[in-house]
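Trainee: One structure coming up, written as structure tokens, with questions to follow.
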Amino acid sequence: MSDTATATDLDARLEAHRVELTGYCYRMLGSSFEAEDAVQDTMIRAWRSFDKFEGRSSLRSWLYRIATNVCLDMLTAGNKRARPMDLTESTPLARAALSPRPDNTWLEPVPDARVLPTTDDPAEAAVAKESVRLAFMAALQQLPAKQRAVLILREVLAWKASEVAELLGTSVASVNSALQRARATLAERQQPGADASVSDPLDEEQQKLLERYVAAFEGYDMSALTALLHEDAVMTMPPFDLWLTGADDITGFMTTLGAPCAGSRLVPVQVNGLPGFAQYKPDPEAGGFVPWAIQVLEISDDRITGFHCFLDTQRWFPLFGLPLRLEAEADQVEQGA
């Protein structure tokens with residue numbers, strides 16, 4: 001394509017779909033970084049073959065077809081990303097051991113801005129947020145790849161069965177059958193109440209819950225934190241496969257193996273359609289604060305039911321546009337993404 005103006009126009013047309021395509025690939029792959037790689041591959045393939053695009057479908061549908069093929073190719077290895085509770089039994093605090101697993105084991109967090117397109121439709125926005133929450137994402141990863149694509153296209157993106165059939169090169173009956181099987185699998189794996197009461201935007205009570213959480217965590221007040229946790233609350237810490245259940249074990253961990261986190265600072269982030277925080281813990285050598293985790297909170301019945309800490313800070317903090325250091329006097333930092 002030699003015409004610069006035409007090339008610039010094509011770039012703009014492709015880029016207009018980047019966020020929604022990233023969201024689609026993230027739901028397919030369970031990895032924020034692999035999703036971005038898949039979208040970049042999609043854009044390159046679209047650019048190279050645009051002269052062959054005959055306009056029989058919309059540009060958007062054509063891009064989704066390319067993105068689906070890219071994701072299906074990436075999923076042929078059969079790896080299913082998971083959360084710690086999908087792989088092991090809960091460990092009592094007395095037997096807690098921090099055993100890491102490889103990065104490609106884990107379902108990864110993602111900033112909302114990377115995967116949730118701007119929309120004026122509150123119902124559409126709510127569905128989009130619900131479909132990137134950790135519990136739903138973990139259930140998606142248990143589906144065979146084509147069932148996963150069908151469910152996302154039909155249930156999340158509201159495509160017609162005929163449109164999905166054309167994209168996948170199959171029949172409407174096959175699409176409907178795959179959707180029925182996918183729904184059945186998700187129903188079996190659904191965890192009641194994991195984040196069912198998270199409103200969008202957060203209601204006043206949920207905002208107050210988060211304010212109390214920040215005060216309790218930054219003050220490392222275990223009594224105050226216990227009052228905010230559901231009796232069956234779960235704490236996870238990828239890349240470690242350890243996970244803990246119940247306020248006693250969670251706060252017990254925080255005051256033993258997790259004791260260096262006392263005095264941390266929390267910076268709000270929008271992550272996986274849920275409230276979250278970037279945690280900076282004190283730097284005893286140089287002063288100030290250094291990254292420790294991206295925290296993702298699940299809420300139900302005005303209590304915290306899930307407390308998920310993603311510890312690979314060299315990957316996560318740049319992804320969220322966050323600095324790799326806070327000075328001692330800085331209690332807050334602008335989120336850059």
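Chain labels run A, B, ... following the order of the structure tokens; each chain numbers its residues from 1, and ligands are numbered from 1 in the order shown.
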Identify, on the basis of only C-alpha atoms, every residue whose closest approach to stretch 12-23 of chain A does not exceed 7 Å; exclude the query and any residue fewer than 2 positions from it along the same chain; express the result as a ChimeraX atom specification.
Mentor: /A:8-10,25-27,35-36,39,43,114-117
Trainee: Restricting it to all heavy atoms, dump the selection as a short mmCIF file (atom, residue, chain, number, x, y, z; two decimals), in the first residue's frame.
Mentor:
data_model
loop_
_atom_site.label_atom_id
_atom_site.label_comp_id
_atom_site.auth_asym_id
_atom_site.auth_seq_id
_atom_site.Cartn_x
_atom_site.Cartn_y
_atom_site.Cartn_z
N THR A 8 -2.57 5.64 6.39
CA THR A 8 -2.90 6.27 7.67
C THR A 8 -4.35 6.00 8.03
O THR A 8 -4.68 5.72 9.19
CB THR A 8 -2.64 7.78 7.59
OG1 THR A 8 -1.28 7.99 7.26
CG2 THR A 8 -2.95 8.45 8.92
N ASP A 9 -5.23 6.06 7.02
CA ASP A 9 -6.65 5.79 7.25
C ASP A 9 -6.86 4.36 7.70
O ASP A 9 -7.63 4.09 8.62
CB ASP A 9 -7.43 6.07 5.96
CG ASP A 9 -8.90 5.72 6.11
OD1 ASP A 9 -9.57 6.35 6.95
OD2 ASP A 9 -9.36 4.80 5.41
N LEU A 10 -6.16 3.43 7.07
CA LEU A 10 -6.30 2.02 7.46
C LEU A 10 -5.80 1.81 8.88
O LEU A 10 -6.44 1.11 9.67
CB LEU A 10 -5.53 1.12 6.49
CG LEU A 10 -5.55 -0.38 6.83
CD1 LEU A 10 -6.99 -0.91 6.94
CD2 LEU A 10 -4.76 -1.17 5.79
N CYS A 25 -9.45 -11.30 22.97
CA CYS A 25 -8.30 -12.20 23.06
C CYS A 25 -7.94 -12.50 24.51
O CYS A 25 -7.52 -13.62 24.84
CB CYS A 25 -7.10 -11.60 22.32
SG CYS A 25 -7.33 -11.47 20.53
N TYR A 26 -8.13 -11.53 25.40
CA TYR A 26 -7.87 -11.78 26.82
C TYR A 26 -8.83 -12.84 27.36
O TYR A 26 -8.41 -13.76 28.08
CB TYR A 26 -8.02 -10.49 27.62
CG TYR A 26 -7.90 -10.69 29.12
CD1 TYR A 26 -6.68 -11.07 29.70
CD2 TYR A 26 -9.00 -10.51 29.94
CE1 TYR A 26 -6.58 -11.27 31.07
CE2 TYR A 26 -8.91 -10.71 31.32
CZ TYR A 26 -7.69 -11.08 31.87
OH TYR A 26 -7.60 -11.29 33.23
N ARG A 27 -10.10 -12.74 27.01
CA ARG A 27 -11.05 -13.76 27.47
C ARG A 27 -10.70 -15.12 26.88
O ARG A 27 -10.86 -16.15 27.54
CB ARG A 27 -12.47 -13.36 27.07
CG ARG A 27 -12.96 -12.09 27.76
CD ARG A 27 -14.36 -11.71 27.29
NE ARG A 27 -14.79 -10.43 27.84
CZ ARG A 27 -14.76 -9.27 27.18
NH1 ARG A 27 -14.29 -9.24 25.92
NH2 ARG A 27 -15.17 -8.16 27.75
N ALA A 35 -2.69 -11.66 25.11
CA ALA A 35 -3.78 -10.99 24.40
C ALA A 35 -3.24 -9.84 23.55
O ALA A 35 -3.63 -9.66 22.39
CB ALA A 35 -4.82 -10.47 25.39
N GLU A 36 -2.32 -9.07 24.12
CA GLU A 36 -1.75 -7.96 23.35
C GLU A 36 -0.92 -8.48 22.18
O GLU A 36 -0.95 -7.90 21.09
CB GLU A 36 -0.92 -7.06 24.27
CG GLU A 36 -1.78 -6.36 25.31
CD GLU A 36 -1.12 -5.14 25.93
OE1 GLU A 36 0.11 -4.99 25.76
OE2 GLU A 36 -1.84 -4.36 26.56
N VAL A 39 -3.41 -9.55 19.47
CA VAL A 39 -4.00 -8.43 18.74
C VAL A 39 -2.98 -7.82 17.79
O VAL A 39 -3.31 -7.45 16.65
CB VAL A 39 -4.54 -7.37 19.74
CG1 VAL A 39 -4.96 -6.10 18.99
CG2 VAL A 39 -5.71 -7.94 20.51
N MET A 43 -3.47 -7.43 13.81
CA MET A 43 -3.31 -6.18 13.06
C MET A 43 -2.33 -6.36 11.90
O MET A 43 -2.56 -5.86 10.79
CB MET A 43 -2.84 -5.07 13.99
CG MET A 43 -3.81 -4.69 15.10
SD MET A 43 -5.38 -4.07 14.46
CE MET A 43 -6.17 -3.50 15.97
N ARG A 114 -7.55 -1.46 29.19
CA ARG A 114 -6.96 -2.20 28.07
C ARG A 114 -7.96 -3.09 27.35
O ARG A 114 -7.74 -3.47 26.20
CB ARG A 114 -5.81 -3.09 28.57
CG ARG A 114 -4.67 -2.33 29.23
CD ARG A 114 -3.53 -2.13 28.26
NE ARG A 114 -2.42 -1.43 28.89
CZ ARG A 114 -1.19 -1.46 28.44
NH1 ARG A 114 -0.90 -2.17 27.37
NH2 ARG A 114 -0.23 -0.78 29.03
N VAL A 115 -9.06 -3.46 28.05
CA VAL A 115 -9.95 -4.48 27.49
C VAL A 115 -11.42 -4.09 27.46
O VAL A 115 -12.23 -4.82 26.88
CB VAL A 115 -9.81 -5.81 28.27
CG1 VAL A 115 -8.42 -6.41 28.09
CG2 VAL A 115 -10.12 -5.63 29.76
N LEU A 116 -11.79 -2.97 28.07
CA LEU A 116 -13.20 -2.58 28.13
C LEU A 116 -13.41 -1.31 27.32
O LEU A 116 -13.06 -0.22 27.76
CB LEU A 116 -13.63 -2.35 29.59
CG LEU A 116 -13.53 -3.56 30.52
CD1 LEU A 116 -13.94 -3.19 31.93
CD2 LEU A 116 -14.38 -4.73 30.00
N PRO A 117 -14.00 -1.43 26.12
CA PRO A 117 -14.24 -0.24 25.30
C PRO A 117 -15.20 0.71 25.98
O PRO A 117 -16.07 0.29 26.76
CB PRO A 117 -14.86 -0.82 24.02
CG PRO A 117 -14.58 -2.28 24.04
CD PRO A 117 -14.47 -2.66 25.47
#
Trainee: List the neighbours of A:Arg303 out to 6 Å using only C-alpha atoms; skip same-chain residues closer than 4 positions along the sequence, and give me the result as a count of residues only.
Mentor: 4
Trainee: For a quick check of understanding, using only C-alpha atoms, which of A:Phe53, A:Tyr64, A:Phe277, A:Phe253 has the smallest distance to A:Phe310?
Mentor: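 Once distances to A:Phe310 are computed over only C-alpha atoms, the minimum belongs to A:Phe277.
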Trainee: To test your reading of the structure, identify every residue in stretch 27-271 of chain A that backbone DSSP assigns to helix (DSSP H, G or I), and report it as a VMD selection string.
Mentor: chain A and resid 27 to 29 32 to 52 59 to 77 84 to 86 93 to 95 103 to 105 112 to 115 122 to 130 134 to 140 145 to 156 161 to 168 172 to 189 204 to 218 222 to 228 247 to 254 259 to 261
Trainee: Got a sec: who's within 10 Å of A:Ser99, counting only C-alpha atoms, leaving out chain neighbours fewer than 5 positions off, as a list in words?
Mentor: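 Contacts, in chain order: Pro238, Pro239, Phe240, Asp241 and Leu242 of chain A.
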Trainee: Could you dump the residues just selected with C-alpha atoms as a PDB file, in the first residue's frame?
Mentor:
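Result went into selection04.pdb, see below:
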ATOM      1  CA  PRO A 238       0.270 -16.066  42.159  1.00  0.00           C
ATOM      2  CA  PRO A 239       2.917 -17.151  41.173  1.00  0.00           C
ATOM      3  CA  PHE A 240       2.678 -19.184  44.405  1.00  0.00           C
ATOM      4  CA  ASP A 241       0.125 -22.000  44.388  1.00  0.00           C
ATOM      5  CA  LEU A 242      -0.717 -21.468  48.078  1.00  0.00           C
TER       6      LEU A 242
END
Trainee: Between atom CA of A:Ala126 and atom CA of A:Asp112, what distance in Å does the model show, to one decimal?
Mentor: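 According to the coordinates, atom CA of A:Ala126 and atom CA of A:Asp112 are separated by 12.2 Å.
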Trainee: Taking only C-alpha atoms into account, which of A:Ser199, A:Thr245, A:Thr42, A:Asn104 comes nearest A:Pro92?
Mentor: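 For A:Pro92, the nearest of the given residues is A:Thr245.
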Trainee: For A:Arg148, which residue out of A:Leu72, A:Leu326, A:Leu202, A:Val267 is the nearest one, using only C-alpha atoms?
Mentor: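 Counting only C-alpha atoms, the residue closest to A:Arg148 is A:Leu72.
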Trainee: Do you have the atom CA of A:Ala82-atom CA of A:Pro291 distance handy?
Mentor: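 These atoms are spaced 23.6 Å apart.
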Trainee: Between A:Ala224, A:Leu167, A:Met235, A:Cys71, which residue has the minimum interatomic distance to A:Ser57, considering only C-alpha atoms?
Mentor: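 Between A:Ala224, A:Leu167, A:Met235, A:Cys71, the residue approaching A:Ser57 most closely is A:Leu167.
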Trainee: Contacts of A:Thr76 at 12 Å or less, counting only C-alpha atoms, minus same-chain residues fewer than 3 places along, as number ranges by chain?
Mentor: A: 29, 69-73, 79-80, 144-146
Trainee: From a backbone DSSP assignment, name each residue in stretch 98-310 of chain A labelled strand (DSSP E or B), as a PyMOL selection string.
Mentor: chain A and resi 100+106+111+229-237+240-245+265-271+274-282+289-300+303-310
Trainee: Pick from A:Ala113, A:Leu93, A:Arg154, A:Asn272: nearest to A:Thr255, with only C-alpha atoms counted?
Mentor: A:Leu93
Trainee: Which residue out of A:Ile294, A:Asp200, A:Pro318, A:Ser61 has the minimum interatomic distance to A:Ala165 when only C-alpha atoms are used?
Mentor: A:Ser61
Trainee: If we count only C-alpha atoms and set the cut-off at 7 Å, which residues sit around A:Cys309, ignoring sequence neighbours fewer than 4 positions away in its own chain? Please answer as a PyMOL selection string.
Mentor: chain A and resi 236-238+293-296
Trainee: Please save N, CA and C atoms of the selected residues as a CSV table (one decimal), in the first residue's frame.
Mentor:
chain,number,residue,atom,x,y,z
A,236,THR,N,-5.3,-15.4,47.5
A,236,THR,CA,-4.3,-16.1,46.6
A,236,THR,C,-3.2,-15.2,46.3
A,237,MET,N,-2.0,-15.8,45.9
A,237,MET,CA,-0.8,-15.0,45.7
A,237,MET,C,0.0,-15.6,44.5
A,238,PRO,N,-0.6,-15.6,43.3
A,238,PRO,CA,0.3,-16.1,42.2
A,238,PRO,C,1.5,-15.2,42.1
A,293,ALA,N,2.5,-5.9,45.0
A,293,ALA,CA,1.4,-6.7,44.4
A,293,ALA,C,0.4,-5.8,43.8
A,294,ILE,N,-0.3,-6.4,42.8
A,294,ILE,CA,-1.6,-5.8,42.3
A,294,ILE,C,-2.7,-6.6,43.0
A,295,GLN,N,-3.5,-6.0,43.9
A,295,GLN,CA,-4.5,-6.6,44.6
A,295,GLN,C,-5.8,-6.5,43.8
A,296,VAL,N,-6.6,-7.6,43.7
A,296,VAL,CA,-7.9,-7.6,43.1
A,296,VAL,C,-8.9,-8.1,44.2
Trainee: Extract, using only C-alpha atoms, all DNA, RNA and protein residues at most 7 Å from A:Trp292, discarding same-chain residues fewer than 5 positions from it, and format them as a list in words.
Mentor: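 Residues meeting the cut-off are Gln279, Tyr280, Lys281, Leu311 and Thr313 of chain A.
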Trainee: Would you write out those residues with N, CA and C atoms, as a PDB file, in the first residue's frame?
Mentor:
ATOM      1  N   GLN A 279      -0.219  -2.323  45.586  1.00  0.00           N
ATOM      2  CA  GLN A 279       0.367  -2.300  46.930  1.00  0.00           C
ATOM      3  C   GLN A 279       1.859  -2.022  46.845  1.00  0.00           C
ATOM      4  N   TYR A 280       2.285  -0.984  47.545  1.00  0.00           N
ATOM      5  CA  TYR A 280       3.703  -0.661  47.700  1.00  0.00           C
ATOM      6  C   TYR A 280       4.075  -0.925  49.155  1.00  0.00           C
ATOM      7  N   LYS A 281       5.127  -1.736  49.370  1.00  0.00           N
ATOM      8  CA  LYS A 281       5.536  -2.002  50.749  1.00  0.00           C
ATOM      9  C   LYS A 281       6.780  -1.179  51.081  1.00  0.00           C
ATOM     10  N   LEU A 311       1.912 -10.987  42.313  1.00  0.00           N
ATOM     11  CA  LEU A 311       3.175 -10.512  42.873  1.00  0.00           C
ATOM     12  C   LEU A 311       4.270 -10.191  41.862  1.00  0.00           C
ATOM     13  N   THR A 313       5.700  -7.953  40.148  1.00  0.00           N
ATOM     14  CA  THR A 313       5.569  -6.502  40.010  1.00  0.00           C
ATOM     15  C   THR A 313       6.290  -5.932  38.793  1.00  0.00           C
TER      16      THR A 313
END
Trainee: Could you pull the residues within 12 Å of A:Ser131, counting only C-alpha atoms, minus those fewer than 6 positions along the same chain, as a list in words?
Mentor: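 Within the cut-off, the hits are Gly23, Tyr24, Tyr26, Arg27, Met28, Gly30, Asp112, Val115, Leu116, Glu124, Ala125, Met137, Ala138, Ala139, Leu140, Leu151, Ile152, Leu153, Glu155, Val156, Leu157, Asp195, Asn272, Gly273 and Leu274 of chain A.
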